[in-house]
file start36.cif (mmCIF, C-alpha atoms)
data_final
loop_
_atom_site.group_PDB
_atom_site.id
_atom_site.type_symbol
_atom_site.label_atom_id
_atom_site.label_comp_id
_atom_site.auth_asym_id
_atom_site.auth_seq_id
_atom_site.Cartn_x
_atom_site.Cartn_y
_atom_site.Cartn_z
ATOM 1 C CA MET M 1 0.000 0.000 0.000
ATOM 2 C CA PRO M 2 2.693 2.614 0.788
ATOM 3 C CA LEU M 3 4.307 1.534 -2.486
ATOM 4 C CA LEU M 4 1.107 1.593 -4.512
ATOM 5 C CA LEU M 5 0.029 5.180 -3.698
ATOM 6 C CA PRO M 6 3.068 7.183 -4.863
ATOM 7 C CA THR M 7 3.620 4.915 -7.865
ATOM 8 C CA ALA M 8 -0.003 5.383 -8.934
ATOM 9 C CA ALA M 9 0.300 9.158 -8.499
ATOM 10 C CA VAL M 10 3.318 9.294 -10.795
ATOM 11 C CA GLY M 11 1.615 6.914 -13.245
ATOM 12 C CA LEU M 12 -1.345 9.298 -13.256
ATOM 13 C CA SER M 13 0.820 12.260 -14.199
ATOM 14 C CA PHE M 14 2.444 10.131 -16.913
ATOM 15 C CA GLY M 15 -0.995 9.196 -18.289
ATOM 16 C CA LEU M 16 -1.930 12.863 -18.384
ATOM 17 C CA MET M 17 1.287 13.956 -20.078
ATOM 18 C CA PRO M 18 1.898 12.623 -23.556
ATOM 19 C CA SER M 19 -1.498 11.923 -25.121
ATOM 20 C CA PRO M 20 -1.215 14.168 -28.217
ATOM 21 C CA MET M 21 2.120 12.654 -29.313
ATOM 22 C CA LEU M 22 1.463 8.990 -28.632
ATOM 23 C CA GLY M 23 -2.275 8.557 -28.393
ATOM 24 C CA PRO M 24 -4.044 6.907 -25.443
ATOM 25 C CA ILE M 25 -3.469 3.246 -26.386
ATOM 26 C CA ALA M 26 0.270 3.576 -26.966
ATOM 27 C CA THR M 27 0.618 5.501 -23.706
ATOM 28 C CA ILE M 28 -1.010 2.686 -21.717
ATOM 29 C CA LEU M 29 0.907 -0.024 -23.642
ATOM 30 C CA MET M 30 4.148 1.805 -22.904
ATOM 31 C CA SER M 31 3.481 1.649 -19.151
ATOM 32 C CA CYS M 32 2.497 -2.043 -19.396
ATOM 33 C CA MET M 33 5.659 -3.014 -21.274
ATOM 34 C CA VAL M 34 8.390 -0.599 -20.189
ATOM 35 C CA TRP M 35 7.258 -0.207 -16.545
ATOM 36 C CA SER M 36 9.805 2.456 -15.739
ATOM 37 C CA GLY M 37 8.802 6.040 -15.006
ATOM 38 C CA THR M 38 12.289 7.471 -15.433
ATOM 39 C CA ALA M 39 12.736 5.975 -18.915
ATOM 40 C CA GLN M 40 9.221 6.858 -20.057
ATOM 41 C CA PHE M 41 9.373 10.488 -18.924
ATOM 42 C CA ALA M 42 12.856 10.855 -20.419
ATOM 43 C CA ALA M 43 11.755 9.334 -23.753
ATOM 44 C CA LEU M 44 8.678 11.548 -24.022
ATOM 45 C CA THR M 45 10.617 14.677 -23.106
ATOM 46 C CA VAL M 46 12.694 14.317 -26.278
ATOM 47 C CA LEU M 47 10.118 12.536 -28.467
ATOM 48 C CA ALA M 48 9.788 15.560 -30.752
ATOM 49 C CA GLY M 49 13.385 14.873 -31.837
ATOM 50 C CA GLY M 50 12.407 11.477 -33.264
ATOM 51 C CA PRO M 51 11.945 7.920 -31.975
ATOM 52 C CA SER M 52 15.625 6.940 -31.987
ATOM 53 C CA LEU M 53 16.524 9.921 -29.791
ATOM 54 C CA ALA M 54 13.643 8.937 -27.495
ATOM 55 C CA VAL M 55 14.970 5.366 -27.197
ATOM 56 C CA GLY M 56 18.472 6.679 -26.476
ATOM 57 C CA ALA M 57 17.298 9.099 -23.788
ATOM 58 C CA GLY M 58 14.981 6.522 -22.203
ATOM 59 C CA LEU M 59 17.671 3.859 -21.999
ATOM 60 C CA LEU M 60 20.311 6.292 -20.795
ATOM 61 C CA ALA M 61 17.939 7.202 -17.988
ATOM 62 C CA ASN M 62 17.842 3.532 -16.968
ATOM 63 C CA THR M 63 21.545 2.703 -17.117
ATOM 64 C CA ARG M 64 21.563 2.926 -13.300
ATOM 65 C CA PHE M 65 19.890 -0.511 -13.289
ATOM 66 C CA LEU M 66 23.171 -2.047 -14.532
ATOM 67 C CA PRO M 67 25.147 -1.308 -11.322
ATOM 68 C CA MET M 68 22.022 -1.978 -9.238
ATOM 69 C CA GLY M 69 21.677 -5.400 -10.911
ATOM 70 C CA PHE M 70 25.295 -6.238 -10.160
ATOM 71 C CA ALA M 71 24.686 -5.078 -6.569
ATOM 72 C CA ILE M 72 21.814 -7.491 -5.914
ATOM 73 C CA ALA M 73 23.362 -10.393 -7.867
ATOM 74 C CA PRO M 74 25.559 -11.796 -5.038
ATOM 75 C CA SER M 75 22.498 -12.215 -2.795
ATOM 76 C CA MET M 76 20.736 -14.373 -5.376
ATOM 77 C CA THR M 77 20.456 -18.130 -5.447
ATOM 78 C CA GLY M 78 19.318 -20.474 -8.212
ATOM 79 C CA GLY M 79 20.181 -20.808 -11.882
ATOM 80 C CA PRO M 80 20.869 -18.019 -14.369
ATOM 81 C CA VAL M 81 17.310 -17.984 -15.764
ATOM 82 C CA ARG M 82 15.755 -17.621 -12.329
ATOM 83 C CA ARG M 83 18.269 -14.880 -11.442
ATOM 84 C CA ALA M 84 17.607 -12.976 -14.674
ATOM 85 C CA LEU M 85 13.846 -13.137 -14.080
ATOM 86 C CA GLN M 86 14.238 -11.851 -10.521
ATOM 87 C CA GLY M 87 16.496 -9.101 -11.844
ATOM 88 C CA ALA M 88 13.843 -8.025 -14.338
ATOM 89 C CA LEU M 89 11.480 -7.344 -11.402
ATOM 90 C CA LEU M 90 13.875 -4.781 -9.920
ATOM 91 C CA ALA M 91 12.712 -1.196 -9.411
ATOM 92 C CA ASP M 92 14.162 1.810 -7.570
ATOM 93 C CA ALA M 93 11.977 1.479 -4.480
ATOM 94 C CA SER M 94 12.406 -2.326 -4.356
ATOM 95 C CA PHE M 95 16.186 -1.913 -4.395
ATOM 96 C CA VAL M 96 16.035 0.251 -1.281
ATOM 97 C CA ILE M 97 13.413 -1.851 0.497
ATOM 98 C CA GLY M 98 15.340 -5.071 -0.163
ATOM 99 C CA HIS M 99 18.645 -3.604 1.048
ATOM 100 C CA ARG M 100 19.571 -5.099 4.426
ATOM 101 C CA ALA M 101 21.915 -3.664 7.055
ATOM 102 C CA ASP M 102 24.681 -6.185 6.308
ATOM 103 C CA GLY M 103 24.925 -5.066 2.672
ATOM 104 C CA ARG M 104 23.085 -8.048 1.240
ATOM 105 C CA PHE M 105 19.649 -8.003 -0.383
ATOM 106 C CA ASP M 106 16.378 -9.674 0.562
ATOM 107 C CA LEU M 107 15.271 -11.083 -2.785
ATOM 108 C CA SER M 108 11.775 -12.017 -1.646
ATOM 109 C CA ALA M 109 11.193 -8.400 -0.518
ATOM 110 C CA ILE M 110 12.298 -7.209 -3.978
ATOM 111 C CA THR M 111 10.057 -9.744 -5.707
ATOM 112 C CA TRP M 112 6.999 -8.933 -3.573
ATOM 113 C CA ALA M 113 7.486 -5.198 -4.061
ATOM 114 C CA ALA M 114 7.006 -5.658 -7.815
ATOM 115 C CA PRO M 115 3.230 -6.402 -8.052
ATOM 116 C CA PRO M 116 1.965 -3.310 -6.157
ATOM 117 C CA GLN M 117 4.351 -1.099 -8.121
ATOM 118 C CA TYR M 118 3.281 -2.625 -11.441
ATOM 119 C CA VAL M 119 -0.427 -2.344 -10.627
ATOM 120 C CA GLY M 120 0.029 1.211 -9.356
ATOM 121 C CA TRP M 121 2.008 2.273 -12.412
ATOM 122 C CA VAL M 122 -0.288 0.782 -15.064
ATOM 123 C CA GLY M 123 -3.473 1.658 -13.129
ATOM 124 C CA GLY M 124 -2.281 5.231 -12.605
ATOM 125 C CA THR M 125 -1.444 5.584 -16.294
ATOM 126 C CA ILE M 126 -4.887 4.298 -17.352
ATOM 127 C CA ALA M 127 -6.604 6.647 -14.882
ATOM 128 C CA GLY M 128 -4.536 9.543 -16.222
ATOM 129 C CA VAL M 129 -5.301 8.763 -19.866
ATOM 130 C CA LEU M 130 -9.019 8.337 -19.173
ATOM 131 C CA GLY M 131 -9.238 11.378 -16.921
ATOM 132 C CA ALA M 132 -7.126 13.672 -19.096
ATOM 133 C CA ASP M 133 -10.139 15.769 -20.108
ATOM 134 C CA ARG M 134 -11.747 15.933 -16.684
ATOM 135 C CA LEU M 135 -8.758 16.247 -14.341
ATOM 136 C CA GLY M 136 -6.951 18.937 -16.272
ATOM 137 C CA ASP M 137 -3.543 19.778 -14.829
ATOM 138 C CA PRO M 138 -2.371 17.140 -12.291
ATOM 139 C CA ARG M 139 0.044 19.691 -10.897
ATOM 140 C CA ALA M 140 -2.865 21.702 -9.497
ATOM 141 C CA LEU M 141 -3.594 18.710 -7.243
ATOM 142 C CA GLY M 142 0.001 18.631 -5.990
ATOM 143 C CA LEU M 143 0.335 14.896 -6.720
ATOM 144 C CA ASP M 144 3.771 15.305 -8.291
ATOM 145 C CA VAL M 145 5.293 15.901 -4.844
ATOM 146 C CA MET M 146 4.411 12.352 -3.688
ATOM 147 C CA PHE M 147 7.381 10.794 -5.433
ATOM 148 C CA PRO M 148 10.157 12.866 -3.804
ATOM 149 C CA VAL M 149 8.529 12.601 -0.355
ATOM 150 C CA PHE M 150 8.277 8.835 -0.772
ATOM 151 C CA TYR M 151 11.955 8.632 -1.753
ATOM 152 C CA LEU M 152 12.851 10.852 1.199
ATOM 153 C CA SER M 153 11.111 8.391 3.531
ATOM 154 C CA LEU M 154 13.438 5.707 2.136
ATOM 155 C CA LEU M 155 16.524 7.954 2.363
ATOM 156 C CA LEU M 156 16.193 9.041 6.030
ATOM 157 C CA PRO M 157 16.823 5.573 7.532
ATOM 158 C CA GLU M 158 19.807 5.153 5.171
ATOM 159 C CA LEU M 159 21.360 8.308 6.636
ATOM 160 C CA ARG M 160 20.874 7.080 10.202
ATOM 161 C CA ARG M 161 22.406 3.709 9.366
ATOM 162 C CA ASP M 162 25.541 2.541 11.266
ATOM 163 C CA GLY M 163 26.313 5.968 12.763
ATOM 164 C CA SER M 164 28.688 6.945 9.942
ATOM 165 C CA ARG M 165 28.571 10.349 8.283
ATOM 166 C CA THR M 166 29.556 8.944 4.897
ATOM 167 C CA PRO M 167 25.985 8.234 3.653
ATOM 168 C CA LEU M 168 24.975 11.848 4.415
ATOM 169 C CA MET M 169 28.036 13.226 2.605
ATOM 170 C CA VAL M 170 27.374 10.943 -0.364
ATOM 171 C CA ALA M 171 23.709 12.029 -0.496
ATOM 172 C CA LEU M 172 24.640 15.733 -0.415
ATOM 173 C CA ALA M 173 27.278 15.287 -3.119
ATOM 174 C CA ALA M 174 24.837 13.323 -5.288
ATOM 175 C CA ALA M 175 22.213 16.060 -4.869
ATOM 176 C CA ALA M 176 24.715 18.751 -5.870
ATOM 177 C CA ILE M 177 25.883 16.809 -8.940
ATOM 178 C CA THR M 178 22.291 16.261 -10.070
ATOM 179 C CA LEU M 179 21.528 19.985 -9.833
ATOM 180 C CA ALA M 180 24.742 20.962 -11.596
ATOM 181 C CA LEU M 181 24.310 18.550 -14.526
ATOM 182 C CA THR M 182 20.554 18.926 -15.106
ATOM 183 C CA PRO M 183 20.779 21.972 -17.418
ATOM 184 C CA ILE M 184 23.624 20.569 -19.539
ATOM 185 C CA ALA M 185 23.177 16.782 -19.752
ATOM 186 C CA LEU M 186 20.514 14.551 -21.330
ATOM 187 C CA PRO M 187 17.776 13.228 -18.986
ATOM 188 C CA GLY M 188 19.117 10.346 -16.902
ATOM 189 C CA VAL M 189 22.762 11.359 -17.072
ATOM 190 C CA PRO M 190 22.672 13.563 -13.929
ATOM 191 C CA VAL M 191 21.230 10.725 -11.816
ATOM 192 C CA LEU M 192 23.726 8.221 -13.214
ATOM 193 C CA ALA M 193 26.663 10.582 -12.568
ATOM 194 C CA ALA M 194 25.356 11.223 -9.050
ATOM 195 C CA ALA M 195 25.164 7.475 -8.368
ATOM 196 C CA ALA M 196 28.876 7.279 -9.220
ATOM 197 C CA VAL M 197 29.586 9.156 -5.967
ATOM 198 C CA ALA M 198 29.103 5.755 -4.293
ATOM 199 C CA LEU M 199 32.506 4.770 -5.739
ATOM 200 C CA ILE M 200 34.013 6.653 -2.795
ATOM 201 C CA GLY M 201 33.296 3.417 -0.907
ATOM 202 C CA LEU M 202 36.270 1.867 -2.756
ATOM 203 C CA ARG M 203 38.454 3.888 -0.414
ATOM 204 C CA ARG M 204 39.435 2.020 2.712
ATOM 205 C CA PRO M 205 37.349 3.341 5.662
ATOM 206 C CA LYS M 206 39.333 5.301 8.237
ATOM 207 C CA SER M 207 40.029 3.372 11.429
ATOM 208 C CA PRO M 208 37.599 4.509 14.146
ATOM 209 C CA ALA M 209 38.998 7.474 16.061
ATOM 210 C CA MET D 210 4.607 9.525 -35.636
ATOM 211 C CA THR D 211 3.662 6.239 -37.338
ATOM 212 C CA THR D 212 2.309 3.163 -35.552
ATOM 213 C CA LEU D 213 5.435 1.256 -36.558
ATOM 214 C CA SER D 214 7.871 3.756 -35.070
ATOM 215 C CA ILE D 215 5.814 3.944 -31.868
ATOM 216 C CA THR D 216 5.867 0.123 -31.646
ATOM 217 C CA ILE D 217 9.637 0.066 -32.174
ATOM 218 C CA LEU D 218 10.062 2.797 -29.549
ATOM 219 C CA ILE D 219 8.075 0.874 -26.921
ATOM 220 C CA VAL D 220 9.673 -2.514 -27.676
ATOM 221 C CA ALA D 221 13.199 -1.058 -27.682
ATOM 222 C CA LEU D 222 12.659 0.731 -24.360
ATOM 223 C CA ALA D 223 11.093 -2.360 -22.781
ATOM 224 C CA THR D 224 13.824 -4.730 -24.015
ATOM 225 C CA GLY D 225 16.683 -2.411 -23.081
ATOM 226 C CA THR D 226 15.299 -1.828 -19.579
ATOM 227 C CA VAL D 227 14.913 -5.556 -18.899
ATOM 228 C CA VAL D 228 18.440 -6.242 -20.224
ATOM 229 C CA PHE D 229 19.892 -3.562 -17.885
ATOM 230 C CA LYS D 230 18.053 -5.044 -14.916
ATOM 231 C CA ALA D 231 18.804 -8.701 -15.673
ATOM 232 C CA LEU D 232 22.425 -8.519 -16.874
ATOM 233 C CA GLY D 233 24.052 -8.266 -13.424
ATOM 234 C CA PRO D 234 21.974 -11.091 -11.909
ATOM 235 C CA LEU D 235 22.637 -13.241 -15.006
ATOM 236 C CA LEU D 236 26.418 -12.795 -14.962
ATOM 237 C CA ALA D 237 27.297 -12.374 -11.295
ATOM 238 C CA GLY D 238 24.809 -14.431 -9.267
ATOM 239 C CA GLY D 239 25.642 -16.066 -5.957
ATOM 240 C CA ARG D 240 29.251 -14.881 -5.695
ATOM 241 C CA GLN D 241 30.594 -13.172 -2.594
ATOM 242 C CA PRO D 242 31.811 -9.636 -3.416
ATOM 243 C CA ALA D 243 34.922 -7.975 -1.960
ATOM 244 C CA PRO D 244 34.420 -5.701 1.107
ATOM 245 C CA SER D 245 35.133 -2.568 -0.941
ATOM 246 C CA ILE D 246 32.372 -3.536 -3.394
ATOM 247 C CA VAL D 247 29.971 -4.067 -0.479
ATOM 248 C CA ARG D 248 30.726 -0.496 0.715
ATOM 249 C CA VAL D 249 30.082 0.907 -2.776
ATOM 250 C CA ILE D 250 26.788 -0.972 -2.963
ATOM 251 C CA GLY D 251 25.779 0.373 0.456
ATOM 252 C CA LEU D 252 26.457 3.947 -0.671
ATOM 253 C CA LEU D 253 24.666 3.477 -3.999
ATOM 254 C CA THR D 254 21.309 3.708 -2.214
ATOM 255 C CA PRO D 255 21.697 7.163 -0.567
ATOM 256 C CA ALA D 256 23.349 8.535 -3.732
ATOM 257 C CA LEU D 257 20.552 7.274 -5.973
ATOM 258 C CA LEU D 258 17.746 8.419 -3.667
ATOM 259 C CA ALA D 259 19.239 11.895 -3.188
ATOM 260 C CA ALA D 260 19.619 12.294 -6.960
ATOM 261 C CA LEU D 261 16.030 11.130 -7.614
ATOM 262 C CA ILE D 262 14.618 13.434 -4.906
ATOM 263 C CA VAL D 263 16.485 16.437 -6.293
ATOM 264 C CA SER D 264 15.507 15.755 -9.895
ATOM 265 C CA ALA D 265 11.854 15.209 -8.919
ATOM 266 C CA THR D 266 11.712 18.395 -6.828
ATOM 267 C CA PHE D 267 14.016 21.017 -8.312
ATOM 268 C CA THR D 268 13.983 20.314 -12.046
ATOM 269 C CA ALA D 269 11.521 20.754 -14.894
ATOM 270 C CA ASP D 270 12.364 20.012 -18.530
ATOM 271 C CA ARG D 271 16.112 20.033 -17.966
ATOM 272 C CA SER D 272 16.240 23.284 -16.042
ATOM 273 C CA VAL D 273 16.603 23.931 -12.319
ATOM 274 C CA VAL D 274 13.490 25.540 -10.824
ATOM 275 C CA LEU D 275 12.116 26.474 -7.409
ATOM 276 C CA ASP D 276 8.338 26.007 -7.209
ATOM 277 C CA ALA D 277 5.562 24.727 -4.953
ATOM 278 C CA ARG D 278 7.140 21.270 -4.841
ATOM 279 C CA VAL D 279 9.905 22.636 -2.608
ATOM 280 C CA ILE D 280 7.313 23.682 0.018
ATOM 281 C CA GLY D 281 5.571 20.304 -0.323
ATOM 282 C CA LEU D 282 8.816 18.387 0.102
ATOM 283 C CA GLY D 283 9.714 20.558 3.110
ATOM 284 C CA ILE D 284 6.384 19.812 4.798
ATOM 285 C CA GLY D 285 6.751 16.113 3.979
ATOM 286 C CA ALA D 286 10.302 16.139 5.363
ATOM 287 C CA LEU D 287 9.130 17.746 8.630
ATOM 288 C CA ALA D 288 6.381 15.139 8.966
ATOM 289 C CA LEU D 289 8.874 12.312 8.395
ATOM 290 C CA TRP D 290 11.363 13.909 10.762
ATOM 291 C CA PHE D 291 8.749 13.837 13.561
ATOM 292 C CA ARG D 292 8.152 10.189 12.634
ATOM 293 C CA LEU D 293 4.586 10.595 11.431
ATOM 294 C CA PRO D 294 3.367 7.695 9.247
ATOM 295 C CA LEU D 295 4.343 7.822 5.578
ATOM 296 C CA VAL D 296 0.731 8.160 4.384
ATOM 297 C CA VAL D 297 0.242 11.223 6.639
ATOM 298 C CA ALA D 298 3.460 12.774 5.323
ATOM 299 C CA LEU D 299 2.355 12.147 1.719
ATOM 300 C CA VAL D 300 -1.077 13.710 2.273
ATOM 301 C CA LEU D 301 0.370 16.773 4.065
ATOM 302 C CA ALA D 302 2.918 17.291 1.275
ATOM 303 C CA VAL D 303 0.290 16.974 -1.465
ATOM 304 C CA VAL D 304 -2.105 19.377 0.285
ATOM 305 C CA ALA D 305 0.665 21.915 0.913
ATOM 306 C CA THR D 306 1.784 21.784 -2.733
ATOM 307 C CA ALA D 307 -1.770 22.153 -4.035
ATOM 308 C CA LEU D 308 -2.444 25.081 -1.656
ATOM 309 C CA VAL D 309 0.694 26.948 -2.720
ATOM 310 C CA ARG D 310 -0.265 26.502 -6.379
ATOM 311 C CA LEU D 311 -3.806 27.622 -5.672
ATOM 312 C CA LEU D 312 -2.637 30.786 -3.912
ATOM 313 C CA THR D 313 0.129 31.781 -6.335
#
call {"tool": "encode", "arguments": {"input": "start36.cif", "output": "structure tokens"}}
result
Amino acid sequence: MPLLLPTAAVGLSFGLMPSPMLGPIATILMSCMVWSGTAQFAALTVLAGGPSLAVGAGLLANTRFLPMGFAIAPSMTGGPVRRALQGALLADASFVIGHRADGRFDLSAITWAAPPQYVGWVGGTIAGVLGADRLGDPRALGLDVMFPVFYLSLLLPELRRDGSRTPLMVALAAAAITLALTPIALPGVPVLAAAAVALIGLRRPKSPA
Amino acid sequence: MTTLSITILIVALATGTVVFKALGPLLAGGRQPAPSIVRVIGLLTPALLAALIVSATFTADRSVVLDARVIGLGIGALALWFRLPLVVALVLAVVATALVRLLT
């Protein structure tokens, strides 16, 4: 339920967004098949430049799933097909929810987080497409703020984790990089570059003072 | 935009996204990573979340903006800070954002 609400709200604003370019059916199909808000918003933002640019921008926006996939892989059991299928169910919120204190991942939490997010995303898109005439501007309802507040609720416990200041520093640096790159880079690139701040973990931690 | 190019667009995005998500699990399943990799993975979460929060709050169409979402996020952050339930924080943030937009 806490997963379904914000996902549906973002799906709703997606359903309300692109109708003239794509048409209602393609918009809903896109949410059913792609199931990734970041990629879909990025693709539609540049759709006027042609479909190949839209594919490039959408996929660039999702390149963060490569390192995230490698991050969850060591916690997986079973054969390659089973692992690949579980990997395909990964989403941003699931990654955080499945992340345990010891650095490993709870794969059943990631798997069970997928259905509410899928239902919320597709259902929200359909509601947005159908309600496009009646609802008008979704921004007037303030629904677009649900997503960042939801992510903040996931971030706060990460910052309190294991008493170290490093997660807070990493979060602040990532925020600054995102702001700095947004005006100059294609959609998706700022978030990917910000995620690279995590590489500071390669450094050996200082011995406790 | 033709039906064919829209179909190609959707299929390419869907396929590429699944490949990104599944490649790591396919190639690197079940192995124990080095301690430095575990630290990087642990820091990936706060970095990713901070970047997503900032891009969902302070940006619009590739430019940096300050609008009602900042107030909404601030109210939501206060609610979370005082450990109110997530649903309450979401509702407060949405109402605050809508009110600011109504009044401005």
call {"tool": "resolve_selection", "arguments": {"input": "start36.cif", "expression": "the PyMOL selection byres ((chain D and resi 211) around 12)", "output": "tab-separated table (two decimals) with C-alpha atoms, in the frame of the given file"}}
result
chain	number	residue	atom	x	y	z
M	21	MET	CA	2.12	12.65	-29.31
M	22	LEU	CA	1.46	8.99	-28.63
M	23	GLY	CA	-2.28	8.56	-28.39
M	26	ALA	CA	0.27	3.58	-26.97
M	50	GLY	CA	12.41	11.48	-33.26
M	51	PRO	CA	11.94	7.92	-31.98
D	210	MET	CA	4.61	9.52	-35.64
D	212	THR	CA	2.31	3.16	-35.55
D	213	LEU	CA	5.44	1.26	-36.56
D	214	SER	CA	7.87	3.76	-35.07
D	215	ILE	CA	5.81	3.94	-31.87
D	216	THR	CA	5.87	0.12	-31.65
D	217	ILE	CA	9.64	0.07	-32.17
D	218	LEU	CA	10.06	2.80	-29.55
call {"tool": "atom_distance", "arguments": {"input": "start36.cif", "atom1": "atom CA of D:Val228", "atom2": "atom CA of D:Pro255"}}
result
24.0 Å
call {"tool": "resolve_selection", "arguments": {"input": "start36.cif", "expression": "the PyMOL selection byres ((chain D and resi 222) around 12)", "output": "PDB file with C-alpha atoms, in the frame of the given file"}}
result
ATOM      1  CA  LEU M  29       0.907  -0.024 -23.642  1.00  0.00           C
ATOM      2  CA  MET M  30       4.148   1.805 -22.904  1.00  0.00           C
ATOM      3  CA  SER M  31       3.481   1.649 -19.151  1.00  0.00           C
ATOM      4  CA  CYS M  32       2.497  -2.043 -19.396  1.00  0.00           C
ATOM      5  CA  MET M  33       5.659  -3.014 -21.274  1.00  0.00           C
ATOM      6  CA  VAL M  34       8.390  -0.599 -20.189  1.00  0.00           C
ATOM      7  CA  TRP M  35       7.258  -0.207 -16.545  1.00  0.00           C
ATOM      8  CA  SER M  36       9.805   2.456 -15.739  1.00  0.00           C
ATOM      9  CA  GLY M  37       8.802   6.040 -15.006  1.00  0.00           C
ATOM     10  CA  THR M  38      12.289   7.471 -15.433  1.00  0.00           C
ATOM     11  CA  ALA M  39      12.736   5.975 -18.915  1.00  0.00           C
ATOM     12  CA  GLN M  40       9.221   6.858 -20.057  1.00  0.00           C
ATOM     13  CA  PHE M  41       9.373  10.488 -18.924  1.00  0.00           C
ATOM     14  CA  ALA M  42      12.856  10.855 -20.419  1.00  0.00           C
ATOM     15  CA  ALA M  43      11.755   9.334 -23.753  1.00  0.00           C
ATOM     16  CA  LEU M  44       8.678  11.548 -24.022  1.00  0.00           C
ATOM     17  CA  PRO M  51      11.945   7.920 -31.975  1.00  0.00           C
ATOM     18  CA  SER M  52      15.625   6.940 -31.987  1.00  0.00           C
ATOM     19  CA  LEU M  53      16.524   9.921 -29.791  1.00  0.00           C
ATOM     20  CA  ALA M  54      13.643   8.937 -27.495  1.00  0.00           C
ATOM     21  CA  VAL M  55      14.970   5.366 -27.197  1.00  0.00           C
ATOM     22  CA  GLY M  56      18.472   6.679 -26.476  1.00  0.00           C
ATOM     23  CA  ALA M  57      17.298   9.099 -23.788  1.00  0.00           C
ATOM     24  CA  GLY M  58      14.981   6.522 -22.203  1.00  0.00           C
ATOM     25  CA  LEU M  59      17.671   3.859 -21.999  1.00  0.00           C
ATOM     26  CA  LEU M  60      20.311   6.292 -20.795  1.00  0.00           C
ATOM     27  CA  ALA M  61      17.939   7.202 -17.988  1.00  0.00           C
ATOM     28  CA  ASN M  62      17.842   3.532 -16.968  1.00  0.00           C
ATOM     29  CA  THR M  63      21.545   2.703 -17.117  1.00  0.00           C
TER      30      THR M  63
ATOM     31  CA  ILE D 215       5.814   3.944 -31.868  1.00  0.00           C
ATOM     32  CA  THR D 216       5.867   0.123 -31.646  1.00  0.00           C
ATOM     33  CA  ILE D 217       9.637   0.066 -32.174  1.00  0.00           C
ATOM     34  CA  LEU D 218      10.062   2.797 -29.549  1.00  0.00           C
ATOM     35  CA  ILE D 219       8.075   0.874 -26.921  1.00  0.00           C
ATOM     36  CA  VAL D 220       9.673  -2.514 -27.676  1.00  0.00           C
ATOM     37  CA  ALA D 221      13.199  -1.058 -27.682  1.00  0.00           C
ATOM     38  CA  ALA D 223      11.093  -2.360 -22.781  1.00  0.00           C
ATOM     39  CA  THR D 224      13.824  -4.730 -24.015  1.00  0.00           C
ATOM     40  CA  GLY D 225      16.683  -2.411 -23.081  1.00  0.00           C
ATOM     41  CA  THR D 226      15.299  -1.828 -19.579  1.00  0.00           C
ATOM     42  CA  VAL D 227      14.913  -5.556 -18.899  1.00  0.00           C
ATOM     43  CA  VAL D 228      18.440  -6.242 -20.224  1.00  0.00           C
ATOM     44  CA  PHE D 229      19.892  -3.562 -17.885  1.00  0.00           C
TER      45      PHE D 229
END
call {"tool": "interface_residues", "arguments": {"input": "start36.cif", "of": "chain D", "to": "chain M", "cutoff": "6 Å", "atoms": "all atoms listed in the file", "output": "NGL selection string"}}
result
:D and (218-219 or 222-223 or 227 or 229-231 or 233-235 or 237-241 or 245 or 248-253 or 255-257 or 259-260 or 262-263 or 265 or 271-272 or 278 or 282 or 285 or 299 or 303 or 306-307)
call {"tool": "atom_distance", "arguments": {"input": "start36.cif", "atom1": "atom CA of M:Gly15", "atom2": "atom CA of M:Ile126"}}
result
6.3 Å
call {"tool": "atom_distance", "arguments": {"input": "start36.cif", "atom1": "atom CA of M:Trp112", "atom2": "atom CA of M:Thr125"}}
result
21.1 Å
call {"tool": "residues_around", "arguments": {"input": "start36.cif", "residues": "M:Ile110", "least_positions_apart": "2", "cutoff": "7 Å", "atoms": "all atoms listed in the file", "output": "VMD selection string"}}
result
chain M and resid 90 94 to 95 98 106 to 108 112 to 114
